[in-house]
Amino acid sequence: MTIKIRVENATRLFLGGTVVAFEGISFDVYANEFLCIVGPSGCGKTTLLRCMDGLIPLSAGTITLDGQPITRPPEKVSMVFQHFGLFPWKTVFANVAYGLKVRGAPAAEITERVSRAIELVGLKGFERYYPHQLSGGMQQRVGLARALATDPDVLLMDEPFAALDAQTREILQEELLRILEQERKTIVFVTHSIDEAILLGDRVIVLTARPGRIKTVVRVPFPRPRKLSVVRADPQFGSLRTQIWELLRSEIAEAASVPP
Amino acid sequence: METAVHIQKQAELKRAIANLSRRQRRSEWVIRLVGVSLILALWEAFGRQINPLLFAPPSRIVAAAVQVVGSGELWKYLSISLKVFLIGTGLGAISGVVLGILMARIRVLDLTLEPFVIALYSTPMVALMPLVVIWLGFGDQAKAAVIYLFAIFPILLNTYQGVKSVDPKLLEVAKSFRSPEWALWGDVILPSSLPFLVAGLRLALGRALVGMVVADLYTAVSGIGYLIVRYAQSIQIDRMLVPVITLSLLGVILVQGLRWLEVRVAPWQHSSHD
Ligand SMILES: Nc1ncnc2c1ncn2[C@@H]1O[C@H](COP(=O)(O)OP(=O)(O)OP(=O)(O)O)[C@@H](O)[C@H]1O
Ligand SMILES: [Mg+2]
C-alpha cells in the first residue's frame with residue numbers, strides 16, 4: 001500500500017507551550033483509505049487536521065504528503081468543515097466554484113467541474129440558492145461539493161456531520177459512501193461518533209485525552225461497497241463498538257478528572 | 001427533498017409575520033400623522049402672532065418655497081454645493097475604505113496609525129478650517145477638502161471594525177483553498193464587512209452635509225450657504241428657511257436611503273433571525 005500522508009512525531013503547543021494540544025503522534029494514511037480519528041473533546045483533533053492542511057505549523061515533528069513536507073495548504077488536499085464554512089454572500093454555485101476560482105481555472109472548466117460536483121452531491125437545481133436558504137444537510141452537501149470540485153487526492157473532514165440531526169446525518173453518511181464509490185479519495189475523518197467511525201472507516205485511530213496521543217488503531221473489517229444497514233446488523237459491529245467505547249470511556253473519565 | 005417543504009413553510013411563516021407587523025405599522029403612522037399636523041398647526045397659530053421679521057409660520061415658508069424653488073434659484077445654488085459634496089464624500093469613502101482595510105489587515109499600520117486616526121476622529125473638523133484655507137485657499141478645492149475631512153473618518157473606522165469582525169473561520173476556509181491575501185479582499189473581507197461599510201457611509205453622509213455648509217460659510221461664501229446668508233442678511237426669514245429645510249430633507253433622504261440599503265446589502269444576516 002502506498003503511503004499518502006505520513007505524520008511523524010507530531011506535536012503542537014499553544015499559548016507559549018502551556019497548552020499541549022497533541023504530542024508525539026505518528027501514523028500513516030494510505031492512499032485511498034478512509035481513516036477515522038476519534039478522541040475525547042479537546043484532545044487536538046481539529047488542531048491535527050489544521051496542521052495536516054498546512055494551515056498552522058507543527059511545534060515539532062513532520063507531516064508529509066506524497067513524501068513532501070506540508071508547509072502551506074496543498075493543492076491536492078481539501079477540507080470539509082464542521083461549521084460548513086460557506087460564504088453567505090455567494091450562491092451555491094459560486095461557493096462550490098470558490099477553490100477553482102482562487103486557482104484561476106478557466107471559466108469553462110469551472111462551469112463543467114462545478115456542475116459535476118453539484119450533481120454528485122445531489123444539489124442539482126439549487127445552484128442559484130444562497131446558503132441561508134438551505135437546510136443544514138444541504139449546506140454541508142455544498143461544503144462537500146466545494147471540497148470535491150478542485151479534484152483533491154485527500155479530503156480532511158472535521159466532524160462534518162456533527163451539526164446535523166440524526167436522520168440527515170445518516171443520509172449524508174450514505175451519500176458520502178456513494179460518492180466515494182465514484183471518486184476514489186483518501187479520507188481523514190474526525191468524528192465524535194463511534195458508530196460513524198466504524199460505519200465509514202477502514203481504520204479508526206483512538207486518541208487519548210489531552211495531550212492527545214495515539215491510544216490504539218482499530219481495523220474495521222467490513223468490505224466495500226458498504227450499506228449502512230448491513231454493517232449495523234453485523235455482530236462484529238457491536239463488538240467493535242464496545243471495544244472502542246471502552247477505550248474512549250477510560251480516556252473521557254480521565255479527562256474529566258484533570259482540570260485543563 | 002426535505003428542503004422544498006421546509007422552504008415553503010418558512011415562506012408561509014414569513015408572510016404571517018409580515019401581515020402582523022404591517023397592521024402595527026399602519027397604526028403607528030396614524031399616530032404620527034395626527035401628532036405632526038397638530039404641531040404644525042400650533043406653529044402656524046403662534047407664528048402668525050410673532051413679528052414676521054423674526055419668525056415665519058409654515059404657510060409663509062411654503063409660499064416662499066414655491067418662489068425660491070420655482071425660480072430655479074434653490075437648485076442653482078444647491079447644485080454648486082452638491083457637486084463639491086459628491087467629490088468630497090466620494091473621495092472620502094474610497095480612501096476611507098481602502099485605509100480601513102489596510103489598517104485592519106496590516107499589523108504595523110494598525111499599531112502606528114490607530115492613535116492618529118482616533119485623535120483625528122475626535123477632533124472637531126471645524127478647528128482645521130483655517131489650516132485648510134491656508135493650504136488650499138477659498139475655492140472648491142478647499143471646500144471638497146473640508147467635506148472629505150468630515151466624511152473620511154466614520155467610514156475608515158467602520159470599515160476597520162468590519163474587517164476586524166470578519167469571521168476568522170471564513171478566513172481560514174479561504175486560506176485552506178489557497179487564497180492569496182489580495183484575493184481575500186474581494187472574496188471575503190469586503191462582502192462580509194459591507195453592512196459596517198454602509199453604516200459608516202451613513203454616518204459620513206450626515207457629517208459631510210455639515211461639512212458642506214461649514215465650507216460654504218467659512219471659505220468663499222457660495223452655494224447653498226450663500227443662499228442662507230443672503231436671505232438672513234436681508235431678514236427674509238421665510239425664504240432663509242427654505243434652503244435650511246432643503247438641507248434637512250436631503251439629510252433625511254440620504255440617511256434613510258442608506259438605512260434601507262443597510263438592511264438589504266446582507267440579506268443572509270437578517271433571514272437567520274426569522
Ligand atoms: N488557537 C488556539 N489557541 C490556544 N489554544 C488552542 C487553540 N486552538 C486549540 N487550542 C487548544 O488546544 C486543545 C485542542 O483543541 P482542538 O480544537 O484541536 O480539540 P478537538 O479535539 O478538536 O476538540 P473537539 O472534539 O471539542 O472539537 C484545546 O485545549 C484547545 O483549547
Ligand atoms: Mg474539533
# chains A, B, ... in the order shown; residues from 1 in each chain; ligands from 1
>>> interface_residues(of="chain B", to="chain A", cutoff="6 Å", atoms="only C-alpha atoms", output="list in words")
Leu170, Ser176, Phe177, Ser179 and Trp268 of chain B
>>> residues_near_ligand(ligand="ligand 1", cutoff="7 Å", atoms="only C-alpha atoms and all ligand atoms", output="PyMOL selection string")
chain A and resi 14-15+19-21+39-48+192
>>> write_last_selection(atoms="C-alpha atoms", output="mmCIF file, in the first residue's frame")
data_model
loop_
_atom_site.group_PDB
_atom_site.id
_atom_site.type_symbol
_atom_site.label_atom_id
_atom_site.label_comp_id
_atom_site.auth_asym_id
_atom_site.auth_seq_id
_atom_site.Cartn_x
_atom_site.Cartn_y
_atom_site.Cartn_z
ATOM 1 C CA PHE A 14 -0.430 26.623 22.162
ATOM 2 C CA LEU A 15 -0.096 29.693 24.353
ATOM 3 C CA VAL A 19 -1.252 24.058 26.308
ATOM 4 C CA VAL A 20 -0.200 20.838 24.601
ATOM 5 C CA ALA A 21 -2.868 20.050 22.022
ATOM 6 C CA GLY A 39 -10.923 11.048 20.808
ATOM 7 C CA PRO A 40 -12.202 12.999 23.783
ATOM 8 C CA SER A 41 -13.157 16.626 23.307
ATOM 9 C CA GLY A 42 -10.150 18.946 23.332
ATOM 10 C CA CYS A 43 -7.549 16.271 22.561
ATOM 11 C CA GLY A 44 -6.392 18.163 19.493
ATOM 12 C CA LYS A 45 -8.256 16.542 16.600
ATOM 13 C CA THR A 46 -9.156 19.807 14.916
ATOM 14 C CA THR A 47 -5.668 21.123 15.512
ATOM 15 C CA LEU A 48 -4.188 17.983 13.948
ATOM 16 C CA HIS A 192 -17.185 12.104 17.957
#
>>> residues_around(residues="A:Arg12", least_positions_apart="4", cutoff="7 Å", atoms="only C-alpha atoms", output="ChimeraX atom specification")
/A:20-23,58-60
>>> residues_around(residues="B:Val132", least_positions_apart="2", cutoff="12 Å", atoms="only C-alpha atoms", output="list in words")
Met125, Val126, Ala127, Leu128, Met129, Pro130, Ile134, Trp135, Leu136, Gly137, Phe138, Gly139, Asp140, Gln141, Ala142, Lys143, Ala144, Ala145, Val146, Ile147, Tyr148, Leu149, Ala215, Tyr218 and Thr219 of chain B
>>> write_last_selection(atoms="N, CA, C and O atoms", output="short mmCIF file (atom, residue, chain, number, x, y, z; two decimals), in the first residue's frame")
data_model
loop_
_atom_site.label_atom_id
_atom_site.label_comp_id
_atom_site.auth_asym_id
_atom_site.auth_seq_id
_atom_site.Cartn_x
_atom_site.Cartn_y
_atom_site.Cartn_z
N MET B 125 -13.69 68.97 13.22
CA MET B 125 -13.03 69.33 11.96
C MET B 125 -13.06 70.82 11.69
O MET B 125 -12.23 71.35 10.97
N VAL B 126 -14.05 71.49 12.27
CA VAL B 126 -14.14 72.94 12.06
C VAL B 126 -12.84 73.61 12.49
O VAL B 126 -12.40 74.58 11.90
N ALA B 127 -12.19 73.05 13.50
CA ALA B 127 -10.95 73.63 14.02
C ALA B 127 -9.85 73.60 12.97
O ALA B 127 -8.88 74.36 13.06
N LEU B 128 -9.99 72.72 11.97
CA LEU B 128 -8.94 72.64 10.94
C LEU B 128 -9.21 73.56 9.76
O LEU B 128 -8.38 73.68 8.86
N MET B 129 -10.40 74.21 9.78
CA MET B 129 -10.76 75.08 8.66
C MET B 129 -9.67 76.09 8.30
O MET B 129 -9.31 76.21 7.13
N PRO B 130 -9.13 76.83 9.30
CA PRO B 130 -8.11 77.83 8.94
C PRO B 130 -6.93 77.20 8.22
O PRO B 130 -6.40 77.75 7.25
N ILE B 134 -5.45 78.01 4.54
CA ILE B 134 -4.06 78.38 4.29
C ILE B 134 -3.47 77.50 3.18
O ILE B 134 -2.79 77.96 2.28
N TRP B 135 -3.77 76.22 3.24
CA TRP B 135 -3.20 75.30 2.26
C TRP B 135 -3.86 75.40 0.89
O TRP B 135 -3.20 75.38 -0.13
N LEU B 136 -5.20 75.49 0.89
CA LEU B 136 -5.90 75.33 -0.38
C LEU B 136 -6.68 76.56 -0.83
O LEU B 136 -7.29 76.56 -1.89
N GLY B 137 -6.69 77.61 0.00
CA GLY B 137 -7.38 78.81 -0.40
C GLY B 137 -8.87 78.75 -0.11
O GLY B 137 -9.32 78.00 0.77
N PHE B 138 -9.66 79.51 -0.91
CA PHE B 138 -11.08 79.62 -0.62
C PHE B 138 -11.96 78.91 -1.63
O PHE B 138 -13.17 78.95 -1.56
N GLY B 139 -11.34 78.27 -2.59
CA GLY B 139 -12.11 77.73 -3.72
C GLY B 139 -12.72 76.37 -3.46
O GLY B 139 -12.80 75.88 -2.33
N ASP B 140 -13.16 75.75 -4.57
CA ASP B 140 -13.82 74.45 -4.48
C ASP B 140 -12.90 73.38 -3.89
O ASP B 140 -13.35 72.48 -3.20
N GLN B 141 -11.61 73.49 -4.20
CA GLN B 141 -10.67 72.51 -3.65
C GLN B 141 -10.71 72.50 -2.14
O GLN B 141 -10.78 71.44 -1.51
N ALA B 142 -10.70 73.68 -1.56
CA ALA B 142 -10.75 73.78 -0.10
C ALA B 142 -12.06 73.20 0.41
O ALA B 142 -12.10 72.47 1.41
N LYS B 143 -13.15 73.51 -0.29
CA LYS B 143 -14.46 73.01 0.15
C LYS B 143 -14.50 71.49 0.11
O LYS B 143 -14.94 70.84 1.05
N ALA B 144 -14.03 70.93 -0.99
CA ALA B 144 -14.03 69.47 -1.10
C ALA B 144 -13.17 68.86 0.00
O ALA B 144 -13.52 67.83 0.58
N ALA B 145 -12.04 69.53 0.29
CA ALA B 145 -11.15 69.02 1.34
C ALA B 145 -11.85 69.01 2.70
O ALA B 145 -11.71 68.06 3.47
N VAL B 146 -12.60 70.06 2.97
CA VAL B 146 -13.33 70.12 4.24
C VAL B 146 -14.33 68.96 4.32
O VAL B 146 -14.39 68.23 5.32
N ILE B 147 -15.09 68.79 3.25
CA ILE B 147 -16.10 67.72 3.24
C ILE B 147 -15.41 66.36 3.38
O ILE B 147 -15.86 65.48 4.11
N TYR B 148 -14.30 66.22 2.69
CA TYR B 148 -13.51 64.99 2.76
C TYR B 148 -13.12 64.70 4.21
O TYR B 148 -13.31 63.58 4.70
N LEU B 149 -12.63 65.71 4.90
CA LEU B 149 -12.21 65.52 6.29
C LEU B 149 -13.39 65.13 7.19
O LEU B 149 -13.25 64.34 8.10
N ALA B 215 -18.23 74.58 4.95
CA ALA B 215 -17.32 75.02 3.90
C ALA B 215 -17.89 76.21 3.15
O ALA B 215 -17.17 77.16 2.83
N TYR B 218 -17.46 79.27 5.57
CA TYR B 218 -16.14 79.71 6.06
C TYR B 218 -15.10 79.90 4.97
O TYR B 218 -14.06 80.45 5.21
N THR B 219 -15.34 79.37 3.77
CA THR B 219 -14.43 79.71 2.66
C THR B 219 -15.15 80.77 1.83
O THR B 219 -15.90 81.56 2.39
#
>>> atom_distance(atom1="atom CA of A:Asp158", atom2="atom CA of A:Ile194")
14.3 Å
>>> select_by_dssp(residues="stretch 82-240 of chain A", states="strand (DSSP E or B)", output="compact mmCIF listing (two decimals) with N, CA, C and O atoms, in the first residue's frame")
# COMPACT_ATOMS: atom_id res chain seq x y z
N VAL A 154 -6.89 14.13 -1.34
CA VAL A 154 -7.17 13.91 0.08
C VAL A 154 -8.29 14.85 0.54
O VAL A 154 -8.28 16.03 0.22
N LEU A 155 -9.24 14.28 1.27
CA LEU A 155 -10.26 15.10 1.92
C LEU A 155 -10.03 15.03 3.43
O LEU A 155 -9.96 13.95 3.99
N LEU A 156 -9.88 16.18 4.05
CA LEU A 156 -9.81 16.25 5.50
C LEU A 156 -11.18 16.69 5.99
O LEU A 156 -11.67 17.74 5.60
N MET A 157 -11.81 15.85 6.82
CA MET A 157 -13.17 16.18 7.24
C MET A 157 -13.22 16.25 8.77
O MET A 157 -12.98 15.27 9.45
N ASP A 158 -13.55 17.46 9.28
CA ASP A 158 -13.57 17.67 10.72
C ASP A 158 -15.00 17.63 11.23
O ASP A 158 -15.73 18.61 11.13
N THR A 186 -8.54 9.73 -0.66
CA THR A 186 -8.01 9.41 0.66
C THR A 186 -8.73 10.31 1.65
O THR A 186 -8.81 11.52 1.43
N ILE A 187 -9.29 9.70 2.71
CA ILE A 187 -10.09 10.49 3.63
C ILE A 187 -9.54 10.42 5.05
O ILE A 187 -9.22 9.33 5.53
N VAL A 188 -9.40 11.58 5.67
CA VAL A 188 -9.13 11.61 7.10
C VAL A 188 -10.35 12.27 7.74
O VAL A 188 -10.66 13.42 7.44
N PHE A 189 -11.03 11.50 8.58
CA PHE A 189 -12.36 11.90 9.03
C PHE A 189 -12.39 11.92 10.55
O PHE A 189 -12.27 10.89 11.20
N VAL A 190 -12.53 13.12 11.12
CA VAL A 190 -12.61 13.25 12.58
C VAL A 190 -14.07 13.18 12.99
O VAL A 190 -14.93 13.79 12.35
N ARG A 203 -9.95 2.21 9.03
CA ARG A 203 -9.26 2.11 10.31
C ARG A 203 -9.75 3.25 11.18
O ARG A 203 -10.15 4.30 10.68
N VAL A 204 -9.69 3.02 12.50
CA VAL A 204 -10.08 4.07 13.43
C VAL A 204 -8.92 4.31 14.38
O VAL A 204 -8.45 3.39 15.05
N ILE A 205 -8.42 5.55 14.41
CA ILE A 205 -7.39 5.91 15.38
C ILE A 205 -8.08 6.46 16.61
O ILE A 205 -8.89 7.39 16.52
N VAL A 206 -7.78 5.87 17.77
CA VAL A 206 -8.36 6.36 19.02
C VAL A 206 -7.28 7.17 19.73
O VAL A 206 -6.18 6.67 19.98
N LEU A 207 -7.60 8.44 20.03
CA LEU A 207 -6.63 9.30 20.70
C LEU A 207 -6.92 9.36 22.20
O LEU A 207 -8.05 9.13 22.64
N GLY A 212 -3.28 14.91 23.34
CA GLY A 212 -3.63 13.76 22.53
C GLY A 212 -2.42 12.96 22.08
O GLY A 212 -1.42 13.50 21.63
N ILE A 214 -1.66 8.72 20.41
CA ILE A 214 -2.43 7.61 19.86
C ILE A 214 -2.58 6.52 20.91
O ILE A 214 -1.60 6.06 21.49
N LYS A 215 -3.82 6.16 21.17
CA LYS A 215 -4.06 5.11 22.16
C LYS A 215 -4.06 3.76 21.45
O LYS A 215 -3.35 2.84 21.85
N THR A 216 -4.85 3.63 20.41
CA THR A 216 -4.92 2.39 19.65
C THR A 216 -5.33 2.70 18.23
O THR A 216 -5.94 3.73 17.96
N VAL A 217 -5.01 1.80 17.33
CA VAL A 217 -5.56 1.87 15.99
C VAL A 217 -6.39 0.61 15.78
O VAL A 217 -5.90 -0.50 15.97
N VAL A 218 -7.65 0.80 15.45
CA VAL A 218 -8.56 -0.34 15.28
C VAL A 218 -8.86 -0.53 13.80
O VAL A 218 -9.20 0.43 13.10
N ARG A 219 -8.70 -1.77 13.32
CA ARG A 219 -9.01 -2.05 11.91
C ARG A 219 -10.49 -2.40 11.78
O ARG A 219 -11.03 -3.15 12.60
>>> residues_around(residues="B:Tyr160", least_positions_apart="4", cutoff="9 Å", atoms="only C-alpha atoms", output="JSON, numbers by chain")
{"B": [97, 99, 100, 101, 102, 103, 104, 105, 155, 156, 164, 165, 193, 196, 197]}
>>> write_last_selection(atoms="N, CA and C atoms", output="PDB file, in the first residue's frame")
ATOM      1  N   VAL B  97     -12.380  53.470   2.918  1.00  0.00           N
ATOM      2  CA  VAL B  97     -12.488  52.013   2.812  1.00  0.00           C
ATOM      3  C   VAL B  97     -11.104  51.378   2.638  1.00  0.00           C
ATOM      4  N   LEU B  99      -8.093  52.611   3.328  1.00  0.00           N
ATOM      5  CA  LEU B  99      -7.275  52.756   4.535  1.00  0.00           C
ATOM      6  C   LEU B  99      -7.763  51.855   5.659  1.00  0.00           C
ATOM      7  N   GLY B 100      -9.097  51.756   5.771  1.00  0.00           N
ATOM      8  CA  GLY B 100      -9.677  50.918   6.813  1.00  0.00           C
ATOM      9  C   GLY B 100      -9.245  49.464   6.653  1.00  0.00           C
ATOM     10  N   ILE B 101      -9.303  48.965   5.430  1.00  0.00           N
ATOM     11  CA  ILE B 101      -8.892  47.578   5.195  1.00  0.00           C
ATOM     12  C   ILE B 101      -7.401  47.420   5.453  1.00  0.00           C
ATOM     13  N   LEU B 102      -6.612  48.346   4.919  1.00  0.00           N
ATOM     14  CA  LEU B 102      -5.157  48.257   5.107  1.00  0.00           C
ATOM     15  C   LEU B 102      -4.807  48.238   6.585  1.00  0.00           C
ATOM     16  N   MET B 103      -5.446  49.141   7.333  1.00  0.00           N
ATOM     17  CA  MET B 103      -5.131  49.210   8.755  1.00  0.00           C
ATOM     18  C   MET B 103      -5.518  47.936   9.487  1.00  0.00           C
ATOM     19  N   ALA B 104      -6.675  47.398   9.116  1.00  0.00           N
ATOM     20  CA  ALA B 104      -7.150  46.216   9.831  1.00  0.00           C
ATOM     21  C   ALA B 104      -6.351  44.968   9.455  1.00  0.00           C
ATOM     22  N   ARG B 105      -5.766  44.940   8.258  1.00  0.00           N
ATOM     23  CA  ARG B 105      -5.094  43.732   7.809  1.00  0.00           C
ATOM     24  C   ARG B 105      -3.589  43.755   8.018  1.00  0.00           C
ATOM     25  N   ILE B 155     -16.133  56.462   7.943  1.00  0.00           N
ATOM     26  CA  ILE B 155     -16.038  55.339   7.002  1.00  0.00           C
ATOM     27  C   ILE B 155     -14.816  54.491   7.314  1.00  0.00           C
ATOM     28  N   LEU B 156     -13.717  55.176   7.556  1.00  0.00           N
ATOM     29  CA  LEU B 156     -12.480  54.462   7.863  1.00  0.00           C
ATOM     30  C   LEU B 156     -12.667  53.570   9.094  1.00  0.00           C
ATOM     31  N   LYS B 164     -12.183  43.816  11.013  1.00  0.00           N
ATOM     32  CA  LYS B 164     -11.742  43.108  12.221  1.00  0.00           C
ATOM     33  C   LYS B 164     -12.757  42.053  12.641  1.00  0.00           C
ATOM     34  N   SER B 165     -14.018  42.273  12.307  1.00  0.00           N
ATOM     35  CA  SER B 165     -15.021  41.315  12.771  1.00  0.00           C
ATOM     36  C   SER B 165     -15.380  40.279  11.711  1.00  0.00           C
ATOM     37  N   SER B 193     -17.824  42.714   5.389  1.00  0.00           N
ATOM     38  CA  SER B 193     -17.927  43.953   6.171  1.00  0.00           C
ATOM     39  C   SER B 193     -18.823  44.992   5.503  1.00  0.00           C
ATOM     40  N   PHE B 196     -21.127  47.050   7.776  1.00  0.00           N
ATOM     41  CA  PHE B 196     -20.361  48.055   8.515  1.00  0.00           C
ATOM     42  C   PHE B 196     -20.048  49.241   7.617  1.00  0.00           C
ATOM     43  N   LEU B 197     -19.682  48.905   6.373  1.00  0.00           N
ATOM     44  CA  LEU B 197     -19.312  49.927   5.424  1.00  0.00           C
ATOM     45  C   LEU B 197     -20.458  50.884   5.146  1.00  0.00           C
TER      46      LEU B 197
END
>>> select_by_dssp(residues="stretch 78-271 of chain B", states="alpha helix (DSSP H)", output="PyMOL selection string")
chain B and resi 78-105+107-122+129-136+140-164+168-176+181-184+190-218+223-233+237-265+267-271
